[in-house]
Amino acid sequence: MNSELNGKVALVTGGGSGIGAACVRQLVARGASVVVADISVENATLVAKEYGDQAVAVEADVARAEDAERIVEVAVTHFGGLDIAVNNAGVGVPVRAAVGETSDEEWRRVLDINLDGAFFCMRAQLPRMGKGGSVVNLASVMGAVAAEGASSYVASKHALVGLTKAAALDYAAAGIRVNAVGAGFVDTPLLAGRDTEWIAAVAAAHPLGRLAQPDEIASVVTFLASPAASFVTGAYLPVDGGYLAR
Ligand SMILES: NC(=O)c1ccc[n+]([C@@H]2O[C@H](COP(=O)([O-])OP(=O)(O)OC[C@H]3O[C@@H](n4cnc5c(N)ncnc54)[C@H](O)[C@@H]3O)[C@@H](O)[C@H]2O)c1
C-alpha cells in the first residue's frame, strides 16, 4: 500500500457521492484520515463507515459559512489538524436555460454552493493549515470554456479558477498550495436524468470518446494533494480526456 499520506488529515466536501467519494477512497488508501462532509449525512456516513477509524462523516452545507467552519473544527478535534482539503461539493444546472431565461433562484443556488461554498471553505481552512498544506478545488472544463444553457454553472467554475489562483498567491509564502482540477464530464449522479442522446454527444466531445470515471479525477486530486506535487500551486489542471485541446 502507498503510504505517502500517512499521518495527514484531509477533508472532502461532497464526499458522499461521485468524485468526492472516490477522493475519500484514494486519500484513505494512501494513509490519510479523512473528514467526509456532505449535505447528505446518509451518503457521507455510508462512505465513512467503509474506512473505520480512518474516516468520519459530518453533515454540512458548504453554502453556510458556519458549516464550513465546523467541518474544519471536526478535522482538528477528531484527527488533530488539517493538511489537505478537497473542495468538491457542487451542483449542476437542473434545467438548461439561456441567460435571459435563468431564474434568480437557479443563479443563487448554483453560485451559493459552487462559488460561495468554496470561498467559505477556503476561508475556514487556509488559516488552520501549516506548511505543506494543500487545497484542491473541483472546477470543471466549464472553468475555461462555456456550454449553452448553463450560465450559472459556467460562471461559478470560471470564478472558482480565479479564486484558486488568488488563494494560491495569498498562501504561497506560508508554504500552502492551492490548485484547481478542470474535470471533463464524469459518470456520476450529477449527470443523472440526462437522456442517452445528450450523454453520447457529450462523450463524443471528449477526444478520448467517453466520460471519465470518478477515480480518474480522484487520482489527479490525490496527486495534487500529495508531496509529489510540491512545486505545483495556482494551477488549473484539466483532467478532461482532451476536451479543451480542440
Ligand atoms: N460529474 C461531472 O460531469 C463533473 C464535471 C466537472 C466537474 N464536476 C464537479 O465535481 C464536483 C463533484 O461532482 P460529482 O459529479 O461527483 O457530483 P455528485 O452529485 O455525485 O456529488 C456531489 C456531492 O456534493 C454534495 N453536495 C451538494 N450540495 C452540497 C452542499 N451545499 N454542501 C455540501 N455538500 C453538497 C451532494 O450531496 C453530493 O454528495 C462538483 O463540484 C462538480 O461541479 C463534475
# chains A, B, ... in the order shown; residues from 1 in each chain; ligands from 1
call {"tool": "closest_atom_pairs", "arguments": {"of": "chain A", "to": "ligand 1", "cutoff": "6 Å", "atoms": "only C-alpha atoms and all ligand atoms", "output": "CSV"}}
result
residue,atom,partner,partner_atom_place_in_ligand_line,distance
A:Thr13,CA,ligand 1,34 (N),5.8
A:Gly14,CA,ligand 1,24 (O),3.4
A:Gly15,CA,ligand 1,39 (O),5.8
A:Gly16,CA,ligand 1,39 (O),4.2
A:Ser17,CA,ligand 1,39 (O),4.1
A:Gly18,CA,ligand 1,16 (O),3.5
A:Ile19,CA,ligand 1,16 (O),3.8
A:Gly20,CA,ligand 1,16 (O),5.5
A:Asp38,CA,ligand 1,34 (N),3.9
A:Ile39,CA,ligand 1,33 (C),4.1
A:Ser40,CA,ligand 1,37 (O),4.9
A:Ala60,CA,ligand 1,33 (C),5.4
A:Asp61,CA,ligand 1,32 (N),3.5
A:Val62,CA,ligand 1,32 (N),4.1
A:Ala63,CA,ligand 1,31 (N),5.2
A:Asn88,CA,ligand 1,41 (O),4.6
A:Ala89,CA,ligand 1,24 (O),3.9
A:Gly90,CA,ligand 1,41 (O),3.5
A:Val91,CA,ligand 1,43 (O),5.5
A:Ile113,CA,ligand 1,31 (N),5.0
A:Leu138,CA,ligand 1,41 (O),5.1
A:Ala139,CA,ligand 1,7 (C),5.5
A:Ser140,CA,ligand 1,6 (C),4.0
A:Ala183,CA,ligand 1,6 (C),4.3
A:Gly184,CA,ligand 1,5 (C),5.1
A:Phe185,CA,ligand 1,3 (O),3.4
A:Val186,CA,ligand 1,3 (O),3.7
A:Asp187,CA,ligand 1,1 (N),5.8
A:Thr188,CA,ligand 1,15 (O),4.7
A:Pro189,CA,ligand 1,20 (O),4.3
A:Leu190,CA,ligand 1,19 (O),3.9
A:Leu191,CA,ligand 1,1 (N),5.9
call {"tool": "residues_around", "arguments": {"residues": "Tyr236 in chain A", "least_positions_apart": "2", "cutoff": "12 Å", "atoms": "only C-alpha atoms", "output": "PyMOL selection string"}}
result
chain A and resi 136-144+157-165+168+178-183+220-221+224+232-234+238-240
call {"tool": "write_last_selection", "arguments": {"atoms": "N, CA and C atoms", "output": "mmCIF file, in the first residue's frame"}}
result
data_model
loop_
_atom_site.group_PDB
_atom_site.id
_atom_site.type_symbol
_atom_site.label_atom_id
_atom_site.label_comp_id
_atom_site.auth_asym_id
_atom_site.auth_seq_id
_atom_site.Cartn_x
_atom_site.Cartn_y
_atom_site.Cartn_z
ATOM 1 N N VAL A 136 -7.317 21.456 -2.897
ATOM 2 C CA VAL A 136 -7.669 21.168 -4.290
ATOM 3 C C VAL A 136 -9.147 21.480 -4.486
ATOM 4 N N ASN A 137 -9.433 22.354 -5.441
ATOM 5 C CA ASN A 137 -10.812 22.737 -5.720
ATOM 6 C C ASN A 137 -11.296 22.036 -6.991
ATOM 7 N N LEU A 138 -12.538 21.529 -6.936
ATOM 8 C CA LEU A 138 -13.099 20.859 -8.101
ATOM 9 C C LEU A 138 -13.748 21.880 -9.017
ATOM 10 N N ALA A 139 -12.971 22.302 -10.027
ATOM 11 C CA ALA A 139 -13.553 23.147 -11.068
ATOM 12 C C ALA A 139 -14.055 22.201 -12.158
ATOM 13 N N SER A 140 -13.902 22.580 -13.384
ATOM 14 C CA SER A 140 -14.506 21.831 -14.491
ATOM 15 C C SER A 140 -13.897 22.389 -15.760
ATOM 16 N N VAL A 141 -14.082 21.671 -16.873
ATOM 17 C CA VAL A 141 -13.736 22.319 -18.150
ATOM 18 C C VAL A 141 -14.555 23.601 -18.313
ATOM 19 N N MET A 142 -15.705 23.660 -17.608
ATOM 20 C CA MET A 142 -16.528 24.883 -17.649
ATOM 21 C C MET A 142 -15.884 26.020 -16.845
ATOM 22 N N GLY A 143 -14.694 25.787 -16.326
ATOM 23 C CA GLY A 143 -13.891 26.854 -15.744
ATOM 24 C C GLY A 143 -13.036 27.541 -16.793
ATOM 25 N N ALA A 144 -13.030 26.992 -18.014
ATOM 26 C CA ALA A 144 -12.200 27.562 -19.084
ATOM 27 C C ALA A 144 -13.011 27.898 -20.333
ATOM 28 N N LYS A 157 -17.760 28.179 -12.103
ATOM 29 C CA LYS A 157 -16.490 27.448 -12.247
ATOM 30 C C LYS A 157 -15.369 28.372 -12.754
ATOM 31 N N HIS A 158 -15.708 29.329 -13.645
ATOM 32 C CA HIS A 158 -14.685 30.315 -14.032
ATOM 33 C C HIS A 158 -14.217 31.092 -12.799
ATOM 34 N N ALA A 159 -15.180 31.516 -11.968
ATOM 35 C CA ALA A 159 -14.825 32.284 -10.767
ATOM 36 C C ALA A 159 -14.016 31.429 -9.798
ATOM 37 N N LEU A 160 -14.338 30.160 -9.722
ATOM 38 C CA LEU A 160 -13.597 29.274 -8.813
ATOM 39 C C LEU A 160 -12.130 29.151 -9.240
ATOM 40 N N VAL A 161 -11.891 29.161 -10.544
ATOM 41 C CA VAL A 161 -10.496 29.121 -11.020
ATOM 42 C C VAL A 161 -9.768 30.398 -10.589
ATOM 43 N N GLY A 162 -10.429 31.545 -10.720
ATOM 44 C CA GLY A 162 -9.813 32.801 -10.281
ATOM 45 C C GLY A 162 -9.568 32.820 -8.789
ATOM 46 N N LEU A 163 -10.546 32.331 -8.039
ATOM 47 C CA LEU A 163 -10.414 32.277 -6.578
ATOM 48 C C LEU A 163 -9.254 31.362 -6.176
ATOM 49 N N THR A 164 -9.086 30.284 -6.907
ATOM 50 C CA THR A 164 -7.991 29.343 -6.644
ATOM 51 C C THR A 164 -6.641 30.043 -6.812
ATOM 52 N N LYS A 165 -6.510 30.780 -7.913
ATOM 53 C CA LYS A 165 -5.236 31.471 -8.176
ATOM 54 C C LYS A 165 -4.972 32.530 -7.103
ATOM 55 N N ALA A 168 -3.914 30.892 -3.946
ATOM 56 C CA ALA A 168 -2.553 30.339 -4.095
ATOM 57 C C ALA A 168 -1.511 31.422 -3.836
ATOM 58 N N VAL A 178 -2.480 25.731 -3.449
ATOM 59 C CA VAL A 178 -3.908 25.749 -3.797
ATOM 60 C C VAL A 178 -4.032 25.555 -5.307
ATOM 61 N N ASN A 179 -4.742 24.530 -5.702
ATOM 62 C CA ASN A 179 -4.885 24.215 -7.129
ATOM 63 C C ASN A 179 -6.324 23.866 -7.469
ATOM 64 N N ALA A 180 -6.625 23.888 -8.764
ATOM 65 C CA ALA A 180 -7.963 23.505 -9.234
ATOM 66 C C ALA A 180 -7.835 22.433 -10.310
ATOM 67 N N VAL A 181 -8.781 21.527 -10.306
ATOM 68 C CA VAL A 181 -8.837 20.484 -11.327
ATOM 69 C C VAL A 181 -9.970 20.828 -12.298
ATOM 70 N N GLY A 182 -9.658 20.792 -13.571
ATOM 71 C CA GLY A 182 -10.666 21.061 -14.607
ATOM 72 C C GLY A 182 -11.209 19.752 -15.154
ATOM 73 N N ALA A 183 -12.154 19.190 -14.430
ATOM 74 C CA ALA A 183 -12.674 17.876 -14.832
ATOM 75 C C ALA A 183 -13.506 17.988 -16.100
ATOM 76 N N VAL A 220 -5.897 12.372 -9.806
ATOM 77 C CA VAL A 220 -5.173 13.635 -10.025
ATOM 78 C C VAL A 220 -5.347 14.561 -8.811
ATOM 79 N N VAL A 221 -6.533 14.553 -8.226
ATOM 80 C CA VAL A 221 -6.751 15.318 -6.988
ATOM 81 C C VAL A 221 -5.761 14.838 -5.919
ATOM 82 N N LEU A 224 -2.275 16.040 -6.620
ATOM 83 C CA LEU A 224 -2.098 17.457 -6.254
ATOM 84 C C LEU A 224 -2.022 17.642 -4.742
ATOM 85 N N VAL A 232 3.696 22.590 -7.364
ATOM 86 C CA VAL A 232 2.508 22.949 -8.151
ATOM 87 C C VAL A 232 1.586 23.792 -7.287
ATOM 88 N N THR A 233 1.419 25.054 -7.643
ATOM 89 C CA THR A 233 0.408 25.876 -6.960
ATOM 90 C C THR A 233 -0.147 26.917 -7.922
ATOM 91 N N GLY A 234 -1.422 27.288 -7.698
ATOM 92 C CA GLY A 234 -2.080 28.256 -8.570
ATOM 93 C C GLY A 234 -2.426 27.672 -9.927
ATOM 94 N N PRO A 238 -6.433 20.679 -16.305
ATOM 95 C CA PRO A 238 -7.522 19.934 -16.953
ATOM 96 C C PRO A 238 -7.308 18.430 -16.841
ATOM 97 N N VAL A 239 -8.378 17.731 -16.523
ATOM 98 C CA VAL A 239 -8.366 16.253 -16.496
ATOM 99 C C VAL A 239 -9.608 15.880 -17.290
ATOM 100 N N ASP A 240 -9.452 15.962 -18.621
ATOM 101 C CA ASP A 240 -10.648 16.136 -19.448
ATOM 102 C C ASP A 240 -10.678 15.306 -20.725
#
call {"tool": "atom_distance", "arguments": {"atom1": "CA of Val74 in chain A", "atom2": "CA of Leu237 in chain A"}}
result
29.2 Å
call {"tool": "residues_around", "arguments": {"residues": "Gly7 in chain A", "least_positions_apart": "6", "cutoff": "8 Å", "atoms": "only C-alpha atoms", "output": "ChimeraX atom specification"}}
result
/A:31-33
call {"tool": "residues_around", "arguments": {"residues": "Val41 in chain A", "least_positions_apart": "4", "cutoff": "8 Å", "atoms": "only C-alpha atoms", "output": "list of chain:residue names"}}
result
A:Gly16, A:Ala37, A:Thr45, A:Ala57, A:Val58, A:Glu59, A:Ala60
call {"tool": "write_last_selection", "arguments": {"atoms": "N, CA, C and O atoms", "output": "tab-separated table (two decimals), in the first residue's frame"}}
result
chain	number	residue	atom	x	y	z
A	16	GLY	N	-19.83	12.34	-0.09
A	16	GLY	CA	-20.78	11.23	-0.03
A	16	GLY	C	-21.12	10.62	-1.37
A	16	GLY	O	-21.85	9.63	-1.43
A	37	ALA	N	-17.50	15.29	4.47
A	37	ALA	CA	-18.56	16.27	4.71
A	37	ALA	C	-19.54	16.28	3.54
A	37	ALA	O	-19.11	16.28	2.38
A	45	THR	N	-22.15	9.15	5.68
A	45	THR	CA	-21.98	8.07	6.66
A	45	THR	C	-21.70	6.74	5.96
A	45	THR	O	-20.84	5.97	6.40
A	57	ALA	N	-17.87	10.97	9.28
A	57	ALA	CA	-18.86	11.70	8.48
A	57	ALA	C	-19.35	12.93	9.22
A	57	ALA	O	-19.49	12.90	10.44
A	58	VAL	N	-19.61	14.00	8.49
A	58	VAL	CA	-20.20	15.19	9.10
A	58	VAL	C	-21.21	15.80	8.12
A	58	VAL	O	-20.96	15.87	6.92
A	59	GLU	N	-22.35	16.19	8.68
A	59	GLU	CA	-23.38	16.84	7.86
A	59	GLU	C	-23.04	18.31	7.75
A	59	GLU	O	-22.83	18.98	8.77
A	60	ALA	N	-22.96	18.82	6.54
A	60	ALA	CA	-22.63	20.24	6.38
A	60	ALA	C	-23.13	20.74	5.03
A	60	ALA	O	-23.06	20.03	4.02
call {"tool": "closest_residue", "arguments": {"among": "A:Gln213, A:Gln54, A:Ser219, A:Ser152", "to": "His78 in chain A", "atoms": "only C-alpha atoms"}}
result
A:Gln54
call {"tool": "closest_residue", "arguments": {"among": "A:Ser134, A:Ser230, A:Ser151, A:Asn6", "to": "Val86 in chain A", "atoms": "only C-alpha atoms"}}
result
A:Ser134
call {"tool": "residues_around", "arguments": {"residues": "range 125-129 of chain A", "least_positions_apart": "6", "cutoff": "8 Å", "atoms": "only C-alpha atoms", "output": "NGL selection string"}}
result
:A and (69 or 72 or 81-83 or 85 or 171 or 176)
call {"tool": "write_last_selection", "arguments": {"atoms": "N, CA, C and O atoms", "output": "PDB file, in the first residue's frame"}}
result
ATOM      1  N   GLU A  69     -16.908  26.325   8.665  1.00  0.00           N
ATOM      2  CA  GLU A  69     -16.031  26.423   9.853  1.00  0.00           C
ATOM      3  C   GLU A  69     -16.091  25.128  10.664  1.00  0.00           C
ATOM      4  O   GLU A  69     -15.063  24.631  11.145  1.00  0.00           O
ATOM      5  N   VAL A  72     -13.972  22.163   9.568  1.00  0.00           N
ATOM      6  CA  VAL A  72     -12.557  22.285   9.954  1.00  0.00           C
ATOM      7  C   VAL A  72     -12.389  21.933  11.431  1.00  0.00           C
ATOM      8  O   VAL A  72     -11.433  21.244  11.813  1.00  0.00           O
ATOM      9  N   GLY A  81      -5.796  18.146  13.320  1.00  0.00           N
ATOM     10  CA  GLY A  81      -5.278  19.215  12.442  1.00  0.00           C
ATOM     11  C   GLY A  81      -5.924  19.159  11.082  1.00  0.00           C
ATOM     12  O   GLY A  81      -6.941  18.483  10.895  1.00  0.00           O
ATOM     13  N   LEU A  82      -5.317  19.872  10.148  1.00  0.00           N
ATOM     14  CA  LEU A  82      -5.821  19.835   8.769  1.00  0.00           C
ATOM     15  C   LEU A  82      -4.642  20.046   7.825  1.00  0.00           C
ATOM     16  O   LEU A  82      -3.947  21.063   7.897  1.00  0.00           O
ATOM     17  N   ASP A  83      -4.426  19.075   6.945  1.00  0.00           N
ATOM     18  CA  ASP A  83      -3.328  19.152   5.966  1.00  0.00           C
ATOM     19  C   ASP A  83      -3.822  19.260   4.524  1.00  0.00           C
ATOM     20  O   ASP A  83      -3.151  19.871   3.688  1.00  0.00           O
ATOM     21  N   ALA A  85      -7.349  19.721   1.921  1.00  0.00           N
ATOM     22  CA  ALA A  85      -8.782  19.998   1.769  1.00  0.00           C
ATOM     23  C   ALA A  85      -9.159  19.847   0.302  1.00  0.00           C
ATOM     24  O   ALA A  85      -8.510  20.425  -0.573  1.00  0.00           O
ATOM     25  N   TYR A 171      -1.310  32.446  -0.009  1.00  0.00           N
ATOM     26  CA  TYR A 171      -0.765  31.481   0.956  1.00  0.00           C
ATOM     27  C   TYR A 171       0.534  30.816   0.514  1.00  0.00           C
ATOM     28  O   TYR A 171       1.039  29.923   1.192  1.00  0.00           O
ATOM     29  N   ILE A 176       1.657  26.825   1.639  1.00  0.00           N
ATOM     30  CA  ILE A 176       0.405  26.094   1.386  1.00  0.00           C
ATOM     31  C   ILE A 176       0.073  26.224  -0.096  1.00  0.00           C
ATOM     32  O   ILE A 176       0.086  27.326  -0.649  1.00  0.00           O
TER      33      ILE A 176
END
call {"tool": "atom_distance", "arguments": {"atom1": "CA of Asn43 in chain A", "atom2": "CA of Ile71 in chain A"}}
result
16.0 Å
call {"tool": "closest_residue", "arguments": {"among": "A:Ala150, A:Ala245, A:Ala68, A:Thr222", "to": "Asn2 in chain A", "atoms": "only C-alpha atoms"}}
result
A:Thr222
call {"tool": "residues_around", "arguments": {"residues": "Phe231 in chain A", "least_positions_apart": "3", "cutoff": "9 Å", "atoms": "only C-alpha atoms", "output": "list in words"}}
result
Arg177, Pro227 and Ala228 of chain A
call {"tool": "select_by_dssp", "arguments": {"residues": "range 3-245 of chain A", "states": "strand (DSSP E or B)", "output": "ChimeraX atom specification"}}
result
/A:9-13,33-38,55-59,84-87,97,134-138,150,177-183,186,212,236-239
call {"tool": "select_by_dssp", "arguments": {"residues": "range 81-174 of chain A", "states": "helix (DSSP H, G or I)", "output": "mmCIF file with N, CA and C atoms, in the first residue's frame"}}
result
data_model
loop_
_atom_site.group_PDB
_atom_site.id
_atom_site.type_symbol
_atom_site.label_atom_id
_atom_site.label_comp_id
_atom_site.auth_asym_id
_atom_site.auth_seq_id
_atom_site.Cartn_x
_atom_site.Cartn_y
_atom_site.Cartn_z
ATOM 1 N N VAL A 99 -29.283 32.701 -20.753
ATOM 2 C CA VAL A 99 -29.139 33.738 -19.719
ATOM 3 C C VAL A 99 -30.471 34.461 -19.489
ATOM 4 N N GLY A 100 -31.152 34.808 -20.575
ATOM 5 C CA GLY A 100 -32.416 35.552 -20.472
ATOM 6 C C GLY A 100 -33.522 34.791 -19.781
ATOM 7 N N GLU A 101 -33.388 33.489 -19.692
ATOM 8 C CA GLU A 101 -34.422 32.654 -19.050
ATOM 9 C C GLU A 101 -33.937 32.044 -17.733
ATOM 10 N N ASP A 104 -33.693 33.790 -10.847
ATOM 11 C CA ASP A 104 -32.904 34.244 -9.684
ATOM 12 C C ASP A 104 -32.548 33.056 -8.802
ATOM 13 N N GLU A 105 -33.543 32.188 -8.644
ATOM 14 C CA GLU A 105 -33.386 31.043 -7.733
ATOM 15 C C GLU A 105 -32.248 30.128 -8.199
ATOM 16 N N GLU A 106 -32.236 29.812 -9.511
ATOM 17 C CA GLU A 106 -31.179 28.929 -10.008
ATOM 18 C C GLU A 106 -29.815 29.605 -9.896
ATOM 19 N N TRP A 107 -29.765 30.867 -10.315
ATOM 20 C CA TRP A 107 -28.481 31.593 -10.270
ATOM 21 C C TRP A 107 -27.901 31.566 -8.859
ATOM 22 N N ARG A 108 -28.749 31.903 -7.864
ATOM 23 C CA ARG A 108 -28.292 31.999 -6.460
ATOM 24 C C ARG A 108 -27.861 30.638 -5.923
ATOM 25 N N ARG A 109 -28.667 29.602 -6.234
ATOM 26 C CA ARG A 109 -28.355 28.269 -5.694
ATOM 27 C C ARG A 109 -26.998 27.779 -6.212
ATOM 28 N N VAL A 110 -26.769 27.935 -7.519
ATOM 29 C CA VAL A 110 -25.523 27.425 -8.101
ATOM 30 C C VAL A 110 -24.327 28.246 -7.605
ATOM 31 N N LEU A 111 -24.469 29.573 -7.596
ATOM 32 C CA LEU A 111 -23.351 30.407 -7.114
ATOM 33 C C LEU A 111 -23.133 30.228 -5.611
ATOM 34 N N ASP A 112 -24.226 30.095 -4.848
ATOM 35 C CA ASP A 112 -24.096 29.919 -3.388
ATOM 36 C C ASP A 112 -23.284 28.667 -3.060
ATOM 37 N N ILE A 113 -23.568 27.588 -3.759
ATOM 38 C CA ILE A 113 -22.893 26.313 -3.432
ATOM 39 C C ILE A 113 -21.514 26.245 -4.107
ATOM 40 N N ASN A 114 -21.485 26.465 -5.422
ATOM 41 C CA ASN A 114 -20.233 26.214 -6.163
ATOM 42 C C ASN A 114 -19.160 27.275 -5.922
ATOM 43 N N LEU A 115 -19.577 28.518 -5.694
ATOM 44 C CA LEU A 115 -18.576 29.581 -5.514
ATOM 45 C C LEU A 115 -18.472 30.044 -4.059
ATOM 46 N N ASP A 116 -19.590 30.532 -3.504
ATOM 47 C CA ASP A 116 -19.536 30.987 -2.102
ATOM 48 C C ASP A 116 -19.106 29.831 -1.199
ATOM 49 N N GLY A 117 -19.601 28.627 -1.506
ATOM 50 C CA GLY A 117 -19.246 27.456 -0.692
ATOM 51 C C GLY A 117 -17.742 27.236 -0.670
ATOM 52 N N ALA A 118 -17.124 27.296 -1.839
ATOM 53 C CA ALA A 118 -15.672 27.093 -1.904
ATOM 54 C C ALA A 118 -14.944 28.220 -1.171
ATOM 55 N N PHE A 119 -15.469 29.447 -1.291
ATOM 56 C CA PHE A 119 -14.858 30.575 -0.567
ATOM 57 C C PHE A 119 -14.966 30.374 0.947
ATOM 58 N N PHE A 120 -16.177 30.050 1.425
ATOM 59 C CA PHE A 120 -16.350 29.844 2.875
ATOM 60 C C PHE A 120 -15.412 28.740 3.377
ATOM 61 N N CYS A 121 -15.311 27.680 2.578
ATOM 62 C CA CYS A 121 -14.467 26.552 2.989
ATOM 63 C C CYS A 121 -12.999 26.976 3.046
ATOM 64 N N MET A 122 -12.518 27.624 1.986
ATOM 65 C CA MET A 122 -11.095 28.028 1.985
ATOM 66 C C MET A 122 -10.801 29.047 3.074
ATOM 67 N N ARG A 123 -11.751 29.958 3.315
ATOM 68 C CA ARG A 123 -11.534 30.960 4.367
ATOM 69 C C ARG A 123 -11.381 30.293 5.728
ATOM 70 N N ALA A 124 -12.128 29.201 5.918
ATOM 71 C CA ALA A 124 -12.018 28.468 7.192
ATOM 72 C C ALA A 124 -10.762 27.589 7.222
ATOM 73 N N GLN A 125 -10.416 27.014 6.073
ATOM 74 C CA GLN A 125 -9.333 26.008 6.033
ATOM 75 C C GLN A 125 -7.925 26.613 6.069
ATOM 76 N N LEU A 126 -7.696 27.610 5.220
ATOM 77 C CA LEU A 126 -6.311 28.058 4.983
ATOM 78 C C LEU A 126 -5.606 28.554 6.240
ATOM 79 N N PRO A 127 -6.275 29.347 7.103
ATOM 80 C CA PRO A 127 -5.567 29.804 8.303
ATOM 81 C C PRO A 127 -5.241 28.680 9.285
ATOM 82 N N ARG A 128 -5.929 27.518 9.120
ATOM 83 C CA ARG A 128 -5.694 26.400 10.036
ATOM 84 C C ARG A 128 -4.657 25.409 9.506
ATOM 85 N N VAL A 141 -14.082 21.671 -16.873
ATOM 86 C CA VAL A 141 -13.736 22.319 -18.150
ATOM 87 C C VAL A 141 -14.555 23.601 -18.313
ATOM 88 N N MET A 142 -15.705 23.660 -17.608
ATOM 89 C CA MET A 142 -16.528 24.883 -17.649
ATOM 90 C C MET A 142 -15.884 26.020 -16.845
ATOM 91 N N GLY A 143 -14.694 25.787 -16.326
ATOM 92 C CA GLY A 143 -13.891 26.854 -15.744
ATOM 93 C C GLY A 143 -13.036 27.541 -16.793
ATOM 94 N N SER A 151 -25.288 29.061 -17.789
ATOM 95 C CA SER A 151 -24.505 30.254 -17.416
ATOM 96 C C SER A 151 -24.123 30.284 -15.943
ATOM 97 N N SER A 152 -25.020 29.872 -15.064
ATOM 98 C CA SER A 152 -24.693 29.934 -13.629
ATOM 99 C C SER A 152 -23.534 28.991 -13.313
ATOM 100 N N TYR A 153 -23.592 27.797 -13.870
ATOM 101 C CA TYR A 153 -22.527 26.811 -13.620
ATOM 102 C C TYR A 153 -21.208 27.288 -14.220
ATOM 103 N N VAL A 154 -21.260 27.763 -15.466
ATOM 104 C CA VAL A 154 -20.042 28.239 -16.148
ATOM 105 C C VAL A 154 -19.428 29.400 -15.357
ATOM 106 N N ALA A 155 -20.271 30.341 -14.933
ATOM 107 C CA ALA A 155 -19.763 31.492 -14.172
ATOM 108 C C ALA A 155 -19.164 31.031 -12.846
ATOM 109 N N SER A 156 -19.821 30.072 -12.197
ATOM 110 C CA SER A 156 -19.314 29.612 -10.892
ATOM 111 C C SER A 156 -17.946 28.952 -11.035
ATOM 112 N N LYS A 157 -17.760 28.179 -12.103
ATOM 113 C CA LYS A 157 -16.490 27.448 -12.247
ATOM 114 C C LYS A 157 -15.369 28.372 -12.754
ATOM 115 N N HIS A 158 -15.708 29.329 -13.645
ATOM 116 C CA HIS A 158 -14.685 30.315 -14.032
ATOM 117 C C HIS A 158 -14.217 31.092 -12.799
ATOM 118 N N ALA A 159 -15.180 31.516 -11.968
ATOM 119 C CA ALA A 159 -14.825 32.284 -10.767
ATOM 120 C C ALA A 159 -14.016 31.429 -9.798
ATOM 121 N N LEU A 160 -14.338 30.160 -9.722
ATOM 122 C CA LEU A 160 -13.597 29.274 -8.813
ATOM 123 C C LEU A 160 -12.130 29.151 -9.240
ATOM 124 N N VAL A 161 -11.891 29.161 -10.544
ATOM 125 C CA VAL A 161 -10.496 29.121 -11.020
ATOM 126 C C VAL A 161 -9.768 30.398 -10.589
ATOM 127 N N GLY A 162 -10.429 31.545 -10.720
ATOM 128 C CA GLY A 162 -9.813 32.801 -10.281
ATOM 129 C C GLY A 162 -9.568 32.820 -8.789
ATOM 130 N N LEU A 163 -10.546 32.331 -8.039
ATOM 131 C CA LEU A 163 -10.414 32.277 -6.578
ATOM 132 C C LEU A 163 -9.254 31.362 -6.176
ATOM 133 N N THR A 164 -9.086 30.284 -6.907
ATOM 134 C CA THR A 164 -7.991 29.343 -6.644
ATOM 135 C C THR A 164 -6.641 30.043 -6.812
ATOM 136 N N LYS A 165 -6.510 30.780 -7.913
ATOM 137 C CA LYS A 165 -5.236 31.471 -8.176
ATOM 138 C C LYS A 165 -4.972 32.530 -7.103
ATOM 139 N N ALA A 166 -6.026 33.279 -6.736
ATOM 140 C CA ALA A 166 -5.860 34.326 -5.717
ATOM 141 C C ALA A 166 -5.422 33.722 -4.382
ATOM 142 N N ALA A 167 -6.064 32.625 -3.995
ATOM 143 C CA ALA A 167 -5.715 31.981 -2.720
ATOM 144 C C ALA A 167 -4.298 31.404 -2.782
ATOM 145 N N ALA A 168 -3.914 30.892 -3.946
ATOM 146 C CA ALA A 168 -2.553 30.339 -4.095
ATOM 147 C C ALA A 168 -1.511 31.422 -3.836
ATOM 148 N N LEU A 169 -1.761 32.621 -4.351
ATOM 149 C CA LEU A 169 -0.817 33.724 -4.122
ATOM 150 C C LEU A 169 -0.805 34.135 -2.655
ATOM 151 N N ASP A 170 -2.004 34.218 -2.067
ATOM 152 C CA ASP A 170 -2.103 34.676 -0.674
ATOM 153 C C ASP A 170 -1.365 33.751 0.303
ATOM 154 N N TYR A 171 -1.310 32.446 -0.009
ATOM 155 C CA TYR A 171 -0.765 31.481 0.956
ATOM 156 C C TYR A 171 0.534 30.816 0.514
ATOM 157 N N ALA A 172 1.100 31.281 -0.609
ATOM 158 C CA ALA A 172 2.354 30.678 -1.094
ATOM 159 C C ALA A 172 3.475 30.859 -0.079
#
